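Novice: Before I ask anything, let me first share the structure, which is written out below as structure tokens.
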Amino acid sequence: MSKFVVYLQPAEEGGYVVSAPELPGCVTQGETREEALEMIKDAIQGYLESLKAHGDPIPPRLNEGIEVVEVEVAVA
């Protein structure tokens, strides 16, 4: 099992767009949050299988040892 950070964003037309920034071009969508998260799991699986089939290495973890923190700032 491997873990990947994914970005989940509401789509303008409804539903959600979800991407895996550690895997360039690995982007999908779903009508609900849950569907979008299931879709990205499938997309990541396919991405990794394609890398393996072509003999390409899995990209190194971008967030290894990095803590992701959201901060709030005032905008004038």
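Residue numbering restarts at 1 in every chain; chains get A, B, ... in the order shown in the structure tokens, and ligands count up from 1 in that same order.
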Among chain A, which residues does DSSP mark as helix (DSSP H, G or I) when it is run on the backbone? Keep the chain and numbering as in the structure and answer as a PyMOL selection string.
Specialist: chain A and resi 33-53
Novice: Pull C-alpha atoms from the residues just selected and write them as an mmCIF file, in the first residue's frame.
Specialist:
data_model
loop_
_atom_site.group_PDB
_atom_site.id
_atom_site.type_symbol
_atom_site.label_atom_id
_atom_site.label_comp_id
_atom_site.auth_asym_id
_atom_site.auth_seq_id
_atom_site.Cartn_x
_atom_site.Cartn_y
_atom_site.Cartn_z
ATOM 1 C CA ARG A 33 -16.708 13.810 -3.179
ATOM 2 C CA GLU A 34 -16.784 10.072 -2.537
ATOM 3 C CA GLU A 35 -16.991 9.213 -6.237
ATOM 4 C CA ALA A 36 -14.115 11.579 -7.052
ATOM 5 C CA LEU A 37 -11.926 9.961 -4.383
ATOM 6 C CA GLU A 38 -12.706 6.476 -5.710
ATOM 7 C CA MET A 39 -11.944 7.662 -9.249
ATOM 8 C CA ILE A 40 -8.527 9.046 -8.244
ATOM 9 C CA LYS A 41 -7.673 5.747 -6.549
ATOM 10 C CA ASP A 42 -8.391 3.988 -9.851
ATOM 11 C CA ALA A 43 -6.432 6.630 -11.786
ATOM 12 C CA ILE A 44 -3.417 6.293 -9.477
ATOM 13 C CA GLN A 45 -3.527 2.500 -9.779
ATOM 14 C CA GLY A 46 -3.587 2.751 -13.580
ATOM 15 C CA TYR A 47 -0.803 5.343 -13.580
ATOM 16 C CA LEU A 48 1.446 3.135 -11.447
ATOM 17 C CA GLU A 49 0.674 0.047 -13.564
ATOM 18 C CA SER A 50 1.585 2.003 -16.706
ATOM 19 C CA LEU A 51 4.893 3.114 -15.181
ATOM 20 C CA LYS A 52 5.686 -0.497 -14.262
ATOM 21 C CA ALA A 53 4.710 -1.809 -17.723
#
Novice: Run DSSP on the backbone and give me the residues of chain A it puts in strand (DSSP E or B), as an mmCIF file with N, CA and C atoms, in the first residue's frame.
Specialist:
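Output saved as out02.cif:
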data_model
loop_
_atom_site.group_PDB
_atom_site.id
_atom_site.type_symbol
_atom_site.label_atom_id
_atom_site.label_comp_id
_atom_site.auth_asym_id
_atom_site.auth_seq_id
_atom_site.Cartn_x
_atom_site.Cartn_y
_atom_site.Cartn_z
ATOM 1 N N TYR A 7 -5.518 16.451 -4.375
ATOM 2 C CA TYR A 7 -6.211 17.734 -4.265
ATOM 3 C C TYR A 7 -7.625 17.542 -4.788
ATOM 4 N N LEU A 8 -8.590 17.911 -3.980
ATOM 5 C CA LEU A 8 -10.006 17.765 -4.314
ATOM 6 C C LEU A 8 -10.599 19.165 -4.416
ATOM 7 N N GLN A 9 -11.121 19.509 -5.602
ATOM 8 C CA GLN A 9 -11.665 20.851 -5.825
ATOM 9 C C GLN A 9 -13.069 20.769 -6.397
ATOM 10 N N PRO A 10 -13.984 21.616 -5.892
ATOM 11 C CA PRO A 10 -15.317 21.667 -6.511
ATOM 12 C C PRO A 10 -15.182 22.159 -7.957
ATOM 13 N N TYR A 16 -16.703 17.253 -8.577
ATOM 14 C CA TYR A 16 -15.361 17.535 -8.078
ATOM 15 C C TYR A 16 -14.299 17.100 -9.075
ATOM 16 N N VAL A 17 -13.210 17.849 -9.097
ATOM 17 C CA VAL A 17 -12.015 17.480 -9.847
ATOM 18 C C VAL A 17 -10.981 17.096 -8.805
ATOM 19 N N VAL A 18 -10.290 15.995 -9.039
ATOM 20 C CA VAL A 18 -9.291 15.534 -8.081
ATOM 21 C C VAL A 18 -8.013 15.161 -8.826
ATOM 22 N N SER A 19 -6.873 15.543 -8.245
ATOM 23 C CA SER A 19 -5.592 15.278 -8.888
ATOM 24 C C SER A 19 -4.588 14.770 -7.862
ATOM 25 N N VAL A 27 -5.265 13.106 -13.174
ATOM 26 C CA VAL A 27 -6.412 13.951 -12.825
ATOM 27 C C VAL A 27 -7.681 13.227 -13.241
ATOM 28 N N THR A 28 -8.724 13.338 -12.427
ATOM 29 C CA THR A 28 -10.018 12.754 -12.766
ATOM 30 C C THR A 28 -11.106 13.571 -12.095
ATOM 31 N N GLN A 29 -12.339 13.088 -12.179
ATOM 32 C CA GLN A 29 -13.459 13.825 -11.584
ATOM 33 C C GLN A 29 -14.545 12.870 -11.153
ATOM 34 N N GLY A 30 -15.471 13.403 -10.371
ATOM 35 C CA GLY A 30 -16.613 12.617 -9.935
ATOM 36 C C GLY A 30 -17.765 13.535 -9.566
#
Novice: Which residues are close to A:Pro21, i.e. within 8 Å by only C-alpha atoms, leaving aside same-chain residues fewer than 3 positions away? Reply as an MDAnalysis selection string.
Specialist: chainID A and resid 5:7 24:26
Novice: For a quick check of understanding, using only C-alpha atoms, which of A:Ala74, A:His54, A:Pro59, A:Val69 has the smallest distance to A:Ala20?
Specialist: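 Nearest to A:Ala20: A:Pro59.
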